Amino acid sequence: MSFNTSITGLNAAQKDLDVTSNNIANANSTGFKSSRAQFGDIYAVSAFGNSKTATGQGVLTEAVQQQFTQGSLQFTNNSLDLAISGQGFFAFQPTLDSQDSVYSRAGAMGVNKDGFIINSSGQFLKALPVNANGTLKSTSIASASPVQLPVAAGAPKATTKVTQSFNLPASAIAPTVAFDTTQATPDPASYNQANSQQVYDSLGNTHALTTYYVKTANPGEWNLYYQLDTQAPIQGPSTLTFDANGQLPTAPAPFALSVPAATLGTGAAALNIAITTQPDSTQYNAPFNMAAQSQDGNTTGQLTGISVGSNGLIQATYSNGQSVALGAVAMVNFANPQALKQVGNNSWIQTVDSGTPNVGQAGTGTFGSIQGGALEQSNVDLTTQLVNMIVAQRNFQANAQAIQTDKTATDAVMQIR
């Protein structure tokens, strides 16, 4: 009996050493979570046995539990490296046609030849679908899908709206030369000021929109004319009337500029632009000044970078200044994460005891936030593990000594005559 009891002690000490050795071996593994061996005594007695005199029968390994404490963050130069600060796991799809998910805290990411974001094991990062403004469409794990970076250039967008805010000089006088809208290049003596800004057609070609400001003989009144490039006809006027305080008493109606496709000459669709003079435009005794001007079009853009926010929103940025939301990193948590099944590569899968996955966005509810350009290090404390190793070694030696003592006692009995 004592031999068997000591053997269980040896096995338990060996298991403790195995767990400690595995922790030490993974001290530098990204996202690794240390384990702890848990033991229970073996105590068996029959229904009619005398529990006052019964002895235990050794020790049994009950579980090797993972400790999901936070690891320290190490910042990297890779914008696709992700670290979770708080609770939660990343969700990965083993293959593109797989319906399964594996979960991990290891966020060392890269891009494969097809533009999908993958981890070091080649598994595909799953993201929740989002609207154009970055808000979530769904928080179901079934709706999450692998993230693929766009390979095409950012699509151009034709300008449809232009806004202008300016100050026109109150001291200006009406030109003596009439403004002629039939000329491709108006006589400079026929207008007081001119301003140009870039707009875009449906193919992303750049065009110059020029506004001519002409003072009339009426107090506070100006006529505005518009021309797209120098070959297009001049359109207008749009009349502005400022009050005695140099302000616009009513918001001017937008001017509808229409340029046929044939006039553009680029193969693009016709341009229809609503040009709005902002109500804060003024006529003060000061030089002409464009306070602000904007337009809503853009040219073709090339992908320049990928960023991941603290809420997990993945955005692609383009050289034309546009930003496109690709999805939100799916954050997953479980009611009992210690019941997850380890499958290697610092990954786990769902079990019956772990419960169903709770999915959401980083930084909401119980989910931790995401730090882009960083990795979560192993939570192994080497000092603690080395002490555990010494303790396990002493336990092993003690049980081995118990076996040696049992052998000596048995030998003594065998030698009795």
# chains A, B, ... in the order shown; residues from 1 in each chain; ligands from 1
>>> residues_around(residues="Pro146 of chain A", least_positions_apart="5", cutoff="8 Å", atoms="only C-alpha atoms", output="MDAnalysis selection string")
chainID A and resid 92:93 96 116:117 124:127
>>> write_last_selection(atoms="C-alpha atoms", output="PDB file, in the first residue's frame")
ATOM      1  CA  PHE A  92      -9.795  32.982 -35.759  1.00  0.00           C
ATOM      2  CA  GLN A  93     -11.084  30.796 -38.573  1.00  0.00           C
ATOM      3  CA  LEU A  96     -11.647  30.044 -45.416  1.00  0.00           C
ATOM      4  CA  PHE A 116      -6.323  38.282 -45.606  1.00  0.00           C
ATOM      5  CA  ILE A 117      -5.166  39.142 -42.079  1.00  0.00           C
ATOM      6  CA  PHE A 124      -7.827  34.027 -40.422  1.00  0.00           C
ATOM      7  CA  LEU A 125      -8.769  36.894 -38.084  1.00  0.00           C
ATOM      8  CA  LYS A 126     -12.548  37.261 -37.834  1.00  0.00           C
ATOM      9  CA  ALA A 127     -14.247  40.655 -37.740  1.00  0.00           C
TER      10      ALA A 127
END
>>> residues_around(residues="Gln198 of chain A", least_positions_apart="4", cutoff="9 Å", atoms="only C-alpha atoms", output="JSON, numbers by chain")
{"A": [206, 207, 208, 209, 210, 295]}
>>> write_last_selection(atoms="C-alpha atoms", output="compact mmCIF listing (two decimals), in the first residue's frame")
# COMPACT_ATOMS: atom_id res chain seq x y z
CA THR A 206 -9.17 66.99 -61.63
CA HIS A 207 -10.91 70.13 -62.84
CA ALA A 208 -10.60 73.78 -61.84
CA LEU A 209 -13.78 75.50 -60.70
CA THR A 210 -13.34 79.26 -60.97
CA GLN A 295 -16.03 69.98 -51.94
>>> select_by_dssp(residues="segment 145-384 of chain A", states="helix (DSSP H, G or I)", output="NGL selection string")
:A and (188-190 or 261-264 or 337-339 or 382-384)
>>> write_last_selection(atoms="C-alpha atoms", output="CSV table (one decimal), in the first residue's frame")
chain,number,residue,atom,x,y,z
A,188,PRO,CA,-9.9,91.0,-65.9
A,189,ALA,CA,-11.4,94.5,-66.0
A,190,SER,CA,-14.9,93.0,-66.0
A,261,ALA,CA,-20.1,65.0,-70.4
A,262,ALA,CA,-19.0,66.2,-73.9
A,263,THR,CA,-17.7,69.4,-72.4
A,264,LEU,CA,-15.6,67.6,-69.8
A,337,PRO,CA,-12.7,30.4,-19.8
A,338,GLN,CA,-10.8,27.9,-17.7
A,339,ALA,CA,-12.9,25.2,-19.2
A,382,LEU,CA,10.0,33.2,-14.0
A,383,THR,CA,10.8,33.8,-10.3
A,384,THR,CA,7.6,32.1,-9.2
>>> closest_residue(among="A:Gln315, A:Ser138, A:Gln231, A:Ser98", to="Thr182 of chain A", atoms="only C-alpha atoms")
A:Gln231
>>> residues_around(residues="Ser294 of chain A", least_positions_apart="6", cutoff="7 Å", atoms="only C-alpha atoms", output="PyMOL selection string")
chain A and resi 162-164
>>> select_by_dssp(residues="segment 269-357 of chain A", states="strand (DSSP E or B)", output="PyMOL selection string")
chain A and resi 271-277+282+289-295+298+301+303-308+313-318+323-329+331-333+341-344+347-349
>>> atom_distance(atom1="atom CA of Gln183 of chain A", atom2="atom CA of Thr216 of chain A")
19.5 Å
>>> residues_around(residues="segment 139-145 of chain A", least_positions_apart="2", cutoff="12 Å", atoms="only C-alpha atoms", output="count of residues only")
45
>>> atom_distance(atom1="atom CA of Gly115 of chain A", atom2="atom CA of Thr30 of chain A")
23.1 Å
>>> residues_around(residues="Ser171 of chain A", least_positions_apart="6", cutoff="10 Å", atoms="only C-alpha atoms", output="list in words")
Gln283, Tyr284, Asn285, Ala286 and Pro287 of chain A
>>> residues_around(residues="Gln385 of chain A", least_positions_apart="3", cutoff="10 Å", atoms="only C-alpha atoms", output="list in words")
Leu17, Val19, Thr20, Ser21, Asn22, Asn23, Ile24, Ala27, Ser34, Val380, Asp381, Leu382, Asn388, Met389, Ile390 and Val391 of chain A
>>> write_last_selection(atoms="C-alpha atoms", output="short mmCIF file (atom, residue, chain, number, x, y, z; two decimals), in the first residue's frame")
data_model
loop_
_atom_site.label_atom_id
_atom_site.label_comp_id
_atom_site.auth_asym_id
_atom_site.auth_seq_id
_atom_site.Cartn_x
_atom_site.Cartn_y
_atom_site.Cartn_z
CA LEU A 17 7.45 19.61 -12.77
CA VAL A 19 3.57 22.01 -15.84
CA THR A 20 6.28 24.26 -14.41
CA SER A 21 8.70 23.32 -17.20
CA ASN A 22 6.06 24.09 -19.81
CA ASN A 23 5.45 27.50 -18.23
CA ILE A 24 9.16 28.32 -18.24
CA ALA A 27 7.98 32.50 -20.98
CA SER A 34 0.61 29.94 -17.52
CA VAL A 380 4.69 33.66 -16.77
CA ASP A 381 6.56 34.97 -13.71
CA LEU A 382 9.95 33.25 -13.96
CA ASN A 388 7.70 26.05 -7.89
CA MET A 389 10.31 23.89 -9.58
CA ILE A 390 12.35 23.65 -6.39
CA VAL A 391 9.25 22.73 -4.39
#
>>> residues_around(residues="Ser281 of chain A", least_positions_apart="3", cutoff="9 Å", atoms="only C-alpha atoms", output="list of chain:residue names")
A:Gln164, A:Ser165, A:Phe166, A:Asn167, A:Leu168, A:Gly246, A:Gln247, A:Leu248, A:Thr277, A:Gln278, A:Ala291
>>> closest_residue(among="A:Phe32, A:Tyr318, A:Phe242, A:Phe39", to="Gly9 of chain A", atoms="only C-alpha atoms")
A:Phe39
>>> closest_residue(among="A:Thr230, A:Val343, A:Tyr212, A:Gln87", to="Gly365 of chain A", atoms="only C-alpha atoms")
A:Gln87
>>> atom_distance(atom1="atom CA of Ser347 of chain A", atom2="atom CA of Asn112 of chain A")
19.8 Å
>>> closest_residue(among="A:Thr282, A:Gln74, A:Asn346, A:Asn320", to="Asp243 of chain A", atoms="only C-alpha atoms")
A:Thr282
